[in-house]
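Here is data.csv, consisting of CSV, C-alpha atoms:
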```
chain,number,residue,atom,x,y,z
B,1,MET,CA,0.0,0.0,0.0
B,2,GLN,CA,2.8,2.4,0.8
B,3,ARG,CA,4.4,1.8,-2.6
B,4,LEU,CA,1.1,2.4,-4.3
B,5,TYR,CA,0.6,5.6,-2.3
B,6,ASP,CA,4.1,6.8,-3.3
B,7,PHE,CA,3.4,6.0,-6.9
B,8,ILE,CA,0.2,8.0,-6.9
B,9,ARG,CA,2.0,11.0,-5.3
B,10,ARG,CA,4.8,10.8,-8.0
B,11,HIS,CA,2.4,10.5,-10.9
B,12,PRO,CA,-0.7,12.7,-10.2
B,13,THR,CA,-1.4,13.4,-13.9
B,14,GLY,CA,-1.3,9.7,-14.7
B,15,VAL,CA,-3.9,9.1,-12.0
B,16,ASP,CA,-6.1,11.8,-13.3
B,17,VAL,CA,-5.8,10.4,-16.9
B,18,PHE,CA,-6.9,7.0,-15.5
B,19,TRP,CA,-10.0,8.5,-13.9
B,20,ALA,CA,-10.7,10.5,-17.1
B,21,VAL,CA,-10.6,7.3,-19.2
B,22,PHE,CA,-12.9,5.6,-16.6
B,23,LEU,CA,-15.3,8.5,-16.8
B,24,LEU,CA,-15.3,8.5,-20.6
B,25,GLY,CA,-16.1,4.8,-20.5
B,26,LEU,CA,-19.1,5.4,-18.3
B,27,SER,CA,-20.3,8.2,-20.5
B,28,GLY,CA,-19.8,6.0,-23.6
B,29,MET,CA,-21.9,3.2,-22.0
B,30,SER,CA,-24.6,5.7,-21.2
B,31,MET,CA,-24.7,6.9,-24.8
B,32,VAL,CA,-24.7,3.4,-26.2
B,33,SER,CA,-27.7,2.5,-24.0
B,34,GLY,CA,-29.7,5.3,-25.6
B,35,MET,CA,-28.5,4.8,-29.2
B,36,TYR,CA,-31.9,3.9,-30.6
B,37,ASP,CA,-33.2,7.4,-29.7
B,38,ALA,CA,-30.2,9.1,-31.4
B,39,GLY,CA,-30.6,12.7,-32.5
B,40,ARG,CA,-28.8,15.9,-32.7
B,41,GLU,CA,-28.3,16.0,-28.9
B,42,GLU,CA,-26.7,12.5,-29.0
B,43,ILE,CA,-24.2,13.7,-31.6
B,44,VAL,CA,-23.2,16.7,-29.5
B,45,ALA,CA,-22.9,14.4,-26.5
B,46,VAL,CA,-19.7,12.9,-27.9
B,47,PRO,CA,-17.6,16.1,-27.8
B,48,VAL,CA,-19.2,16.9,-24.5
B,49,ALA,CA,-18.0,13.6,-23.0
B,50,LEU,CA,-14.6,14.1,-24.5
B,51,GLY,CA,-14.4,17.7,-23.1
B,52,LEU,CA,-15.4,16.6,-19.6
B,53,SER,CA,-12.9,13.8,-19.6
B,54,THR,CA,-10.2,16.2,-20.7
B,55,VAL,CA,-11.2,18.5,-17.8
B,56,VAL,CA,-10.5,15.6,-15.3
B,57,ALA,CA,-7.3,14.5,-17.1
B,58,LEU,CA,-5.6,18.0,-17.1
B,59,ARG,CA,-7.2,19.5,-14.0
B,60,ARG,CA,-3.9,19.8,-12.1
B,61,ARG,CA,-1.7,20.9,-15.0
B,62,ALA,CA,-4.0,23.8,-16.1
B,63,PRO,CA,-6.9,24.2,-13.6
B,64,GLU,CA,-8.0,27.7,-14.8
B,65,ARG,CA,-8.1,26.5,-18.5
B,66,MET,CA,-10.0,23.4,-17.5
B,67,LEU,CA,-12.5,25.4,-15.6
B,68,LEU,CA,-13.2,27.5,-18.7
B,69,LEU,CA,-13.5,24.3,-20.8
B,70,ALA,CA,-16.0,22.9,-18.3
B,71,ILE,CA,-18.1,26.1,-18.5
B,72,LEU,CA,-18.0,25.9,-22.3
B,73,VAL,CA,-19.1,22.3,-22.2
B,74,GLY,CA,-21.9,23.3,-19.8
B,75,VAL,CA,-23.0,26.0,-22.2
B,76,LEU,CA,-23.0,23.5,-25.1
B,77,GLN,CA,-25.3,21.2,-23.1
B,78,LEU,CA,-27.7,24.0,-22.4
B,79,VAL,CA,-27.8,25.1,-26.1
B,80,PHE,CA,-28.0,21.7,-27.7
B,81,ASP,CA,-30.3,20.2,-25.1
B,82,VAL,CA,-27.7,17.6,-23.9
B,83,ARG,CA,-29.0,16.4,-20.5
B,84,PRO,CA,-26.5,16.1,-17.6
B,85,GLY,CA,-25.0,12.7,-17.2
B,86,VAL,CA,-22.2,10.7,-15.5
B,87,GLY,CA,-19.6,12.9,-17.2
B,88,ASN,CA,-20.8,16.0,-15.5
B,89,PHE,CA,-19.1,14.7,-12.4
B,90,ALA,CA,-16.1,16.4,-13.9
B,91,MET,CA,-17.6,19.8,-13.0
B,92,LEU,CA,-17.7,18.8,-9.4
B,93,VAL,CA,-14.0,17.8,-9.6
B,94,ILE,CA,-12.8,20.9,-11.3
B,95,THR,CA,-14.7,23.1,-8.8
B,96,TYR,CA,-12.7,21.4,-6.0
B,97,THR,CA,-9.4,21.6,-7.9
B,98,VAL,CA,-9.7,25.3,-8.7
B,99,ALA,CA,-10.7,26.2,-5.2
B,100,THR,CA,-7.6,24.4,-3.9
B,101,VAL,CA,-4.8,25.3,-6.3
B,102,GLY,CA,-6.3,27.7,-8.9
B,103,GLU,CA,-6.0,31.5,-9.1
B,104,ARG,CA,-8.3,33.6,-7.0
B,105,TRP,CA,-10.4,34.8,-9.9
B,106,ALA,CA,-10.9,31.2,-11.0
B,107,SER,CA,-11.9,30.1,-7.6
B,108,ARG,CA,-14.6,32.9,-7.4
B,109,LEU,CA,-15.8,32.0,-10.9
B,110,ALA,CA,-16.1,28.4,-9.9
B,111,LEU,CA,-18.2,29.4,-6.8
B,112,VAL,CA,-20.5,31.5,-9.0
B,113,CYS,CA,-21.0,28.7,-11.4
B,114,SER,CA,-21.6,26.2,-8.6
B,115,LEU,CA,-24.4,28.4,-7.2
B,116,SER,CA,-26.0,28.9,-10.6
B,117,ALA,CA,-25.5,25.6,-12.4
B,118,ALA,CA,-28.3,23.7,-10.6
B,119,ALA,CA,-30.8,26.6,-11.2
B,120,LEU,CA,-30.0,26.7,-14.9
B,121,SER,CA,-30.3,23.0,-15.2
B,122,GLN,CA,-33.8,23.1,-13.6
B,123,LEU,CA,-34.8,25.9,-15.9
B,124,ARG,CA,-33.7,23.9,-19.0
B,125,TRP,CA,-34.7,20.4,-17.9
B,126,GLU,CA,-37.4,20.3,-15.3
B,127,ALA,CA,-37.1,17.2,-13.1
B,128,GLU,CA,-40.9,16.6,-13.0
B,129,PRO,CA,-42.9,18.5,-15.5
B,130,GLY,CA,-45.8,20.2,-13.9
B,131,GLY,CA,-44.3,20.0,-10.4
B,132,SER,CA,-44.8,22.8,-7.9
B,133,TRP,CA,-42.2,25.5,-7.3
B,134,VAL,CA,-41.4,24.0,-3.9
B,135,GLN,CA,-40.3,20.8,-5.6
B,136,VAL,CA,-38.2,22.8,-8.1
B,137,VAL,CA,-36.5,24.8,-5.3
B,138,PHE,CA,-35.9,21.7,-3.3
B,139,VAL,CA,-34.2,19.9,-6.2
B,140,THR,CA,-32.2,22.9,-7.0
B,141,VAL,CA,-30.9,23.2,-3.4
B,142,ILE,CA,-30.1,19.5,-3.3
B,143,MET,CA,-28.1,19.7,-6.6
B,144,THR,CA,-26.3,22.8,-5.4
B,145,VAL,CA,-25.1,21.5,-2.1
B,146,PRO,CA,-22.4,19.1,-3.5
B,147,PHE,CA,-20.8,21.8,-5.6
B,148,VAL,CA,-20.8,24.3,-2.7
B,149,LEU,CA,-19.3,21.6,-0.4
B,150,ALA,CA,-16.6,20.8,-3.0
B,151,TRP,CA,-15.7,24.5,-3.2
B,152,VAL,CA,-15.7,25.0,0.6
B,153,LEU,CA,-13.5,21.9,1.0
B,154,GLY,CA,-11.0,23.0,-1.6
B,155,ASP,CA,-10.8,26.6,-0.3
B,156,SER,CA,-10.3,25.2,3.3
B,157,LEU,CA,-7.4,23.0,2.0
B,158,ARG,CA,-5.9,26.1,0.2
B,159,THR,CA,-6.0,28.1,3.4
B,160,ARG,CA,-4.5,25.2,5.4
B,161,ARG,CA,-1.7,24.8,2.8
B,162,ALA,CA,-1.0,28.6,2.9
B,163,TYR,CA,-0.8,28.4,6.7
B,164,PHE,CA,1.6,25.6,6.6
B,165,ASP,CA,3.7,27.3,4.0
B,166,GLN,CA,3.8,30.4,6.1
B,167,LEU,CA,4.9,28.3,9.1
B,168,GLU,CA,7.6,26.7,7.1
B,169,GLU,CA,8.8,30.1,5.7
B,170,ARG,CA,8.8,31.5,9.3
B,171,ALA,CA,10.8,28.5,10.6
B,172,ALA,CA,13.3,28.8,7.8
B,173,ARG,CA,13.6,32.6,8.5
B,174,LEU,CA,14.1,31.9,12.2
B,175,GLU,CA,16.7,29.2,11.4
B,176,ARG,CA,18.6,31.7,9.2
B,177,GLU,CA,18.4,34.3,11.9
B,178,ARG,CA,19.6,31.8,14.5
B,179,GLU,CA,22.6,30.9,12.2
B,180,ALA,CA,23.4,34.5,11.7
B,181,GLN,CA,23.3,35.1,15.5
B,182,SER,CA,25.5,32.1,16.0
B,183,LYS,CA,28.0,33.4,13.5
B,184,VAL,CA,28.0,36.8,15.2
B,185,ALA,CA,28.5,35.2,18.6
B,186,VAL,CA,31.3,33.1,17.3
B,187,ALA,CA,32.9,36.1,15.7
B,188,ALA,CA,32.6,38.1,19.0
B,189,GLU,CA,34.1,35.2,20.9
B,190,ARG,CA,37.0,34.9,18.5
B,191,ALA,CA,37.6,38.7,18.8
B,192,ARG,CA,37.5,38.4,22.6
B,193,ILE,CA,40.0,35.5,22.5
B,194,ALA,CA,42.2,37.4,20.0
B,195,ARG,CA,42.3,40.4,22.3
B,196,GLU,CA,43.1,38.3,25.3
B,197,LEU,CA,45.9,36.5,23.5
B,198,HIS,CA,47.3,39.7,22.2
B,199,ASP,CA,47.4,41.2,25.7
B,200,VAL,CA,49.0,38.1,27.2
B,201,VAL,CA,51.6,37.6,24.4
B,202,ALA,CA,52.4,41.2,23.8
B,203,HIS,CA,52.9,42.1,27.5
B,204,ASN,CA,54.6,39.0,28.8
B,205,VAL,CA,56.8,38.3,25.8
B,206,SER,CA,58.0,41.9,25.7
B,207,VAL,CA,58.9,41.6,29.4
B,208,MET,CA,60.8,38.4,28.8
B,209,VAL,CA,62.7,39.9,25.8
B,210,VAL,CA,63.7,43.0,27.8
B,211,GLN,CA,64.9,40.8,30.7
B,212,ALA,CA,66.7,38.4,28.4
B,213,ASP,CA,68.6,41.3,26.7
B,214,GLY,CA,69.5,42.7,30.1
B,215,ALA,CA,70.7,39.4,31.4
B,216,ALA,CA,72.9,38.9,28.4
B,217,TYR,CA,74.4,42.3,28.8
B,218,VAL,CA,75.3,41.9,32.5
B,219,MET,CA,76.0,38.2,32.5
B,220,ASP,CA,79.7,38.6,33.0
B,221,ALA,CA,79.8,41.9,34.9
B,222,ALA,CA,76.9,41.3,37.3
B,223,PRO,CA,75.9,37.7,37.6
B,224,ASP,CA,73.5,38.4,40.4
B,225,GLN,CA,71.5,40.9,38.2
B,226,ALA,CA,71.6,38.3,35.4
B,227,LYS,CA,70.2,35.7,37.8
B,228,GLN,CA,67.4,38.0,38.9
B,229,ALA,CA,66.5,38.8,35.3
B,230,LEU,CA,66.3,35.0,34.6
B,231,GLU,CA,64.0,34.6,37.6
B,232,THR,CA,61.8,37.3,36.2
B,233,ILE,CA,61.7,35.6,32.9
B,234,SER,CA,60.8,32.4,34.5
B,235,SER,CA,57.9,33.9,36.6
B,236,THR,CA,56.7,35.9,33.7
B,237,GLY,CA,56.6,32.8,31.5
B,238,ARG,CA,54.7,30.8,34.1
B,239,GLN,CA,52.2,33.6,34.4
B,240,ALA,CA,51.8,33.7,30.6
B,241,LEU,CA,51.3,29.9,30.5
B,242,ALA,CA,48.6,30.1,33.2
B,243,GLU,CA,46.7,32.8,31.3
B,244,MET,CA,47.1,30.9,28.1
B,245,ARG,CA,45.6,27.8,29.7
B,246,ARG,CA,42.7,29.9,30.9
B,247,LEU,CA,42.0,31.3,27.5
B,248,LEU,CA,42.4,28.0,25.7
B,249,GLY,CA,40.0,26.4,28.3
B,250,VAL,CA,37.1,28.2,26.8
B,251,LEU,CA,37.7,26.4,23.5
B,252,ARG,CA,37.4,23.0,25.1
B,253,THR,CA,34.0,21.2,25.3
B,254,GLY,CA,33.2,18.3,27.5
B,255,ASP,CA,36.5,18.5,29.5
B,256,ALA,CA,36.3,19.1,33.2
B,257,PRO,CA,38.8,21.7,34.3
B,258,GLU,CA,41.5,20.3,36.5
B,259,SER,CA,42.3,21.7,39.8
B,260,GLY,CA,44.8,24.6,39.6
B,261,GLU,CA,44.8,24.7,35.8
B,262,TYR,CA,43.1,28.0,35.4
B,263,VAL,CA,43.6,31.4,37.1
B,264,PRO,CA,41.1,34.1,37.9
B,265,GLN,CA,40.5,37.0,35.6
B,266,PRO,CA,42.9,40.0,36.3
B,267,ASP,CA,41.3,42.8,38.2
B,268,VAL,CA,42.0,46.4,39.3
B,269,GLU,CA,43.9,45.2,42.4
B,270,GLN,CA,46.4,43.4,40.2
B,271,ILE,CA,47.3,46.6,38.4
B,272,GLU,CA,49.8,47.5,41.1
B,273,ASP,CA,51.5,44.1,40.6
B,274,LEU,CA,51.5,44.7,36.9
B,275,VAL,CA,53.3,48.0,37.4
B,276,ALA,CA,55.8,46.4,39.7
B,277,GLN,CA,56.5,43.8,37.1
B,278,VAL,CA,57.0,46.5,34.5
B,279,ARG,CA,59.4,48.4,36.8
B,280,GLN,CA,61.6,45.3,36.9
B,281,THR,CA,62.2,45.6,33.2
B,282,GLY,CA,63.8,49.1,33.8
B,283,LEU,CA,60.8,51.3,32.9
B,284,VAL,CA,60.2,54.0,35.5
B,285,VAL,CA,56.4,54.0,36.2
B,286,ASP,CA,54.6,56.3,38.6
B,287,PHE,CA,51.4,54.7,39.9
B,288,LYS,CA,48.7,56.5,41.8
B,289,VAL,CA,45.1,55.8,42.9
B,290,GLU,CA,42.7,58.7,43.5
B,291,GLY,CA,39.3,58.5,45.1
B,292,THR,CA,37.8,55.7,47.2
B,293,PRO,CA,38.3,52.2,45.8
B,294,ARG,CA,35.0,50.2,45.6
B,295,PRO,CA,33.9,46.9,44.1
B,296,LEU,CA,33.6,47.1,40.3
B,297,PRO,CA,31.9,44.9,37.7
B,298,SER,CA,34.1,42.1,36.6
B,299,GLY,CA,34.1,43.3,33.0
B,300,VAL,CA,35.2,46.8,34.0
B,301,GLU,CA,38.0,45.4,36.2
B,302,LEU,CA,39.3,43.2,33.4
B,303,THR,CA,39.1,46.1,30.9
B,304,ALA,CA,40.9,48.4,33.2
B,305,TYR,CA,43.7,45.9,33.7
B,306,ARG,CA,44.1,45.2,30.0
B,307,VAL,CA,44.1,48.9,29.1
B,308,VAL,CA,46.9,49.6,31.5
B,309,GLN,CA,48.8,46.5,30.4
B,310,GLU,CA,48.5,47.4,26.7
B,311,ALA,CA,49.5,51.0,27.4
B,312,LEU,CA,52.7,50.1,29.3
B,313,THR,CA,53.5,47.5,26.7
B,314,ASN,CA,53.3,50.1,24.0
B,315,THR,CA,55.5,52.4,26.1
B,316,ARG,CA,58.2,49.8,26.3
B,317,LYS,CA,58.0,49.0,22.6
B,318,HIS,CA,57.8,52.5,21.2
B,319,GLY,CA,58.9,54.9,24.0
B,320,GLY,CA,62.6,54.5,23.3
B,321,PRO,CA,65.4,54.6,25.9
B,322,ASP,CA,65.0,56.5,29.2
B,323,ALA,CA,61.2,56.7,28.7
B,324,GLY,CA,59.1,57.1,31.8
B,325,ALA,CA,55.4,56.5,32.4
B,326,SER,CA,52.6,57.3,34.8
B,327,VAL,CA,49.4,55.5,35.6
B,328,ARG,CA,46.4,57.1,37.3
B,329,LEU,CA,43.3,55.3,38.5
B,330,VAL,CA,40.5,57.7,39.5
B,331,TYR,CA,37.4,56.5,41.2
B,332,PHE,CA,34.4,58.7,40.3
B,333,ASP,CA,30.8,58.3,41.6
B,334,ASP,CA,29.7,56.8,38.4
B,335,GLY,CA,32.8,55.4,36.8
B,336,LEU,CA,36.5,54.6,36.8
B,337,GLY,CA,38.9,56.9,35.1
B,338,LEU,CA,42.3,55.7,33.6
B,339,LEU,CA,45.1,58.0,32.5
B,340,ILE,CA,48.3,56.5,31.2
B,341,GLU,CA,51.0,58.8,29.9
B,342,ASP,CA,54.7,58.5,28.9
B,343,ASP,CA,57.4,60.9,27.9
B,344,GLY,CA,59.0,58.8,25.2
B,345,ARG,CA,59.0,59.1,21.5
B,346,GLY,CA,55.5,57.6,21.1
B,347,ALA,CA,54.3,55.3,18.4
B,348,ALA,CA,54.0,56.5,14.8
B,349,HIS,CA,50.5,57.9,14.1
B,350,GLU,CA,49.5,55.1,11.7
B,351,LEU,CA,50.1,52.5,14.4
B,352,TYR,CA,47.2,53.6,16.6
B,353,GLU,CA,44.7,54.9,14.1
B,354,ASP,CA,42.5,52.3,12.3
B,355,GLY,CA,45.1,49.6,12.5
B,356,GLY,CA,47.5,51.2,10.2
B,357,ALA,CA,48.2,50.5,6.5
B,358,ASP,CA,50.5,47.7,7.4
B,359,GLY,CA,48.0,46.0,9.7
B,360,ALA,CA,49.8,47.1,12.9
B,361,GLY,CA,48.1,48.7,15.8
B,362,HIS,CA,45.9,45.8,16.8
B,363,GLY,CA,46.5,46.5,20.5
B,364,MET,CA,44.8,49.9,20.2
B,365,ILE,CA,42.0,48.4,18.2
B,366,GLY,CA,41.4,45.7,20.9
B,367,MET,CA,41.6,48.4,23.5
B,368,ARG,CA,38.8,50.4,21.8
B,369,GLU,CA,36.7,47.3,21.4
B,370,ARG,CA,37.1,46.4,25.1
B,371,ILE,CA,36.2,49.8,26.3
B,372,GLY,CA,33.2,50.0,23.9
B,373,MET,CA,31.9,46.7,25.2
B,374,VAL,CA,31.5,48.1,28.7
B,375,GLY,CA,30.1,51.4,27.4
B,376,GLY,CA,33.2,53.5,28.1
B,377,THR,CA,35.1,56.1,26.1
B,378,LEU,CA,38.7,56.2,25.0
B,379,ASP,CA,40.9,59.1,24.0
B,380,ALA,CA,44.4,58.1,22.7
B,381,GLY,CA,47.1,60.0,20.8
B,382,PRO,CA,50.3,62.0,21.1
B,383,ARG,CA,50.7,64.2,24.1
B,384,PRO,CA,51.7,67.9,23.8
B,385,GLY,CA,55.4,68.2,24.4
B,386,GLY,CA,56.2,64.6,23.4
B,387,GLY,CA,55.1,61.2,24.5
B,388,PHE,CA,51.8,59.4,24.3
B,389,ARG,CA,48.6,59.7,26.4
B,390,ILE,CA,45.7,57.2,26.9
B,391,SER,CA,42.6,58.5,28.7
B,392,ALA,CA,39.6,56.2,29.3
B,393,LEU,CA,36.4,56.4,31.3
B,394,LEU,CA,34.7,53.2,32.3
B,395,PRO,CA,31.1,53.4,33.7
B,396,LEU,CA,30.2,51.3,36.7
B,397,LYS,CA,26.9,50.3,35.2
B,398,PRO,CA,26.6,48.2,32.0
B,399,PRO,CA,25.5,50.1,28.9
B,400,GLY,CA,21.8,50.2,27.9
```
In structure tokens, how does this file's structure come out?
Amino acid sequence: MQRLYDFIRRHPTGVDVFWAVFLLGLSGMSMVSGMYDAGREEIVAVPVALGLSTVVALRRRAPERMLLLAILVGVLQLVFDVRPGVGNFAMLVITYTVATVGERWASRLALVCSLSAAALSQLRWEAEPGGSWVQVVFVTVIMTVPFVLAWVLGDSLRTRRAYFDQLEERAARLEREREAQSKVAVAAERARIARELHDVVAHNVSVMVVQADGAAYVMDAAPDQAKQALETISSTGRQALAEMRRLLGVLRTGDAPESGEYVPQPDVEQIEDLVAQVRQTGLVVDFKVEGTPRPLPSGVELTAYRVVQEALTNTRKHGGPDAGASVRLVYFDDGLGLLIEDDGRGAAHELYEDGGADGAGHGMIGMRERIGMVGGTLDAGPRPGGGFRISALLPLKPPG
């Protein structure tokens, strides 16, 4: 049965042709049974039967045209006095088909014809000559009901299909929106990880390079200083590895974190330790906190730490020899202010504006993105009199 059902679904026109041939056969048998009373109406009955069978055979391929053909056949029956027979069942079928899949104008036309066909038939061929008007009305209503029911059933099926199509289209649209949101979330997460990796690598590796250069320079003259520099390199490397494990941990799925593998996110309190670490590289840094320290949102604390870290890293990379820096943390009633300045040469202008033509300046871009995510503002650029200045204001409440 399932195979038969699948075959019928794959070959709807073939099924319609089968029923058309069957209907034509019944019409032919009806004409043969009345062959001894043959007349002009019996001659016209042949093309009428062929036309109605064609309506059934092609009803799905061209429903509107088949409706017009059925109306033409009905007019021929009225004109040439060909009484309705078995073949007129095709009119019921085409009414249902047009109401289901036809154009709107064709559906309305089919409804009008359905309401008027029985009345015209009664006017042309009275069921019982000499009957009362009540009988005529009753027969007309009885003959009209099947056509109206066929149209109502087809129109209901059309509405149901349209509703399901709308649901499918909505589901597809939601799926596309969900995929787009997922891509945006993945891109945002990648950008966040890229910023974290840049901060970790740029800061810690620059510290290790400076300490390694210093150790090589004083290795023979001052072994104790060289040893201290190597210890700084070791501790900085361990810190970098710990932060790298924390960052890479977010990329793992299904793995339970091992005890002691990850470290907490940096916060404002660790900025002083960061400044002390930078001082060990030989950079003179003045650190000062103004206002009353208070608990801050974790996003604001991480952003403040990374901004100071990136600013001091840039000072070491671009400030030149004998450069000094100052770091100010100012607690306002509604935000946290950061001011990082240095008196060195400063980076070239193209390195901190729009990433530069050579793709450099990603640290500044990441800094702007971080501050923008917490709803803060950033002002960065050369300082009057030489050096570089970074000023940021981070709100204590999330944006929006």
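What separates CA of Gly344 in chain B from CA of Met208 in chain B is a distance of 20.8 Å.
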**Report entry** Å distance separating CA of Asp155 in chain B from CA of Gly102 in chain B, one decimal place
**Finding:**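 Calculated distance between CA of Asp155 in chain B and CA of Gly102 in chain B is 9.8 Å.
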Query raised in the report: At what distance in Å, to one decimal, does CA of Val48 in chain B lie from CA of Glu64 in chain B?
Result: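 Going from CA of Glu64 in chain B over to CA of Val48 in chain B, I get 18.3 Å.
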Report task. Using all atoms listed in the file, find all polymer residues with an atom at most 12 Å away from the point (-25.6, 25.5, -20.0); report them as an NGL selection string. Result -> :B and (48 or 70-84 or 88 or 113 or 116-125)
Query - Selected residue of minimal separation from Lys317 in chain B among B:Met373, B:Leu230, B:Ala191, B:Val207, counting only C-alpha atoms - result: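 Of B:Met373, B:Leu230, B:Ala191, B:Val207, the one nearest Lys317 in chain B is B:Val207, counting only C-alpha atoms.
If you measure from each of B:Gly87, B:Gly25, B:Gly366, B:Pro266 to Gly51 in chain B using all atoms listed in the file, the closest one turns out to be B:Gly87.
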Query raised in the report: From the list B:Arg368, B:Leu336, B:Leu26, B:Thr315, which residue is nearest Ala380 in chain B when using only C-alpha atoms?
Result: B:Arg368
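For the residues B:Glu179, B:Ile371, B:Thr281, B:Phe164, ranking by smallest atom-to-atom distance to Gln225 in chain B using all atoms listed in the file places B:Thr281 first.
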Report task. List the residues sitting within 12 Å of (66.2, 37.5, 27.8) in the file's frame, using all atoms listed in the file, as a PyMOL selection string. Result -> chain B and resi 204-219+226-234+236-237+281
Query raised in the report: Leaving out Leu153 in chain B and any residue of its chain fewer than 3 positions from it, which residues lie within 9 Å of it when counting all atoms listed in the file, given as a PyMOL selection string?
Result: chain B and resi 96+99-100+148-150+156-158
Could you take the residues named above and write them with C-alpha atoms, as a tab-separated table (two decimals), in the coordinates of the input?
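Listing of selection25.tsv after writing:
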```
chain	number	residue	atom	x	y	z
B	96	TYR	CA	-12.70	21.40	-6.00
B	99	ALA	CA	-10.70	26.20	-5.20
B	100	THR	CA	-7.60	24.40	-3.90
B	148	VAL	CA	-20.80	24.30	-2.70
B	149	LEU	CA	-19.30	21.60	-0.40
B	150	ALA	CA	-16.60	20.80	-3.00
B	156	SER	CA	-10.30	25.20	3.30
B	157	LEU	CA	-7.40	23.00	2.00
B	158	ARG	CA	-5.90	26.10	0.20
```
Query - Selection near Val55 in chain B, 10 Å with only C-alpha atoms, sequence-local residues under 6 positions removed, as a list in words - result: Asp16, Val17, Ala20, Ala49, Ala62, Pro63, Arg65, Met66, Leu67, Leu68, Leu69, Ala70, Val73, Ala90, Met91, Val93 and Ile94 of chain B
Query raised in the report: With all atoms listed in the file as the atoms that count, which of B:Val284, B:Glu169, B:Glu341, B:Val136 lies nearest to Pro384 in chain B?
Result: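 Nearest candidate to Pro384 in chain B out of B:Val284, B:Glu169, B:Glu341, B:Val136: B:Glu341.
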**Report entry** Residue nearest Asp286 in chain B - candidates B:Val327, B:Ala188, B:Val101, B:Ala242, atoms counted: all atoms listed in the file
**Finding:**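 Between B:Val327, B:Ala188, B:Val101, B:Ala242, the residue approaching Asp286 in chain B most closely is B:Val327.
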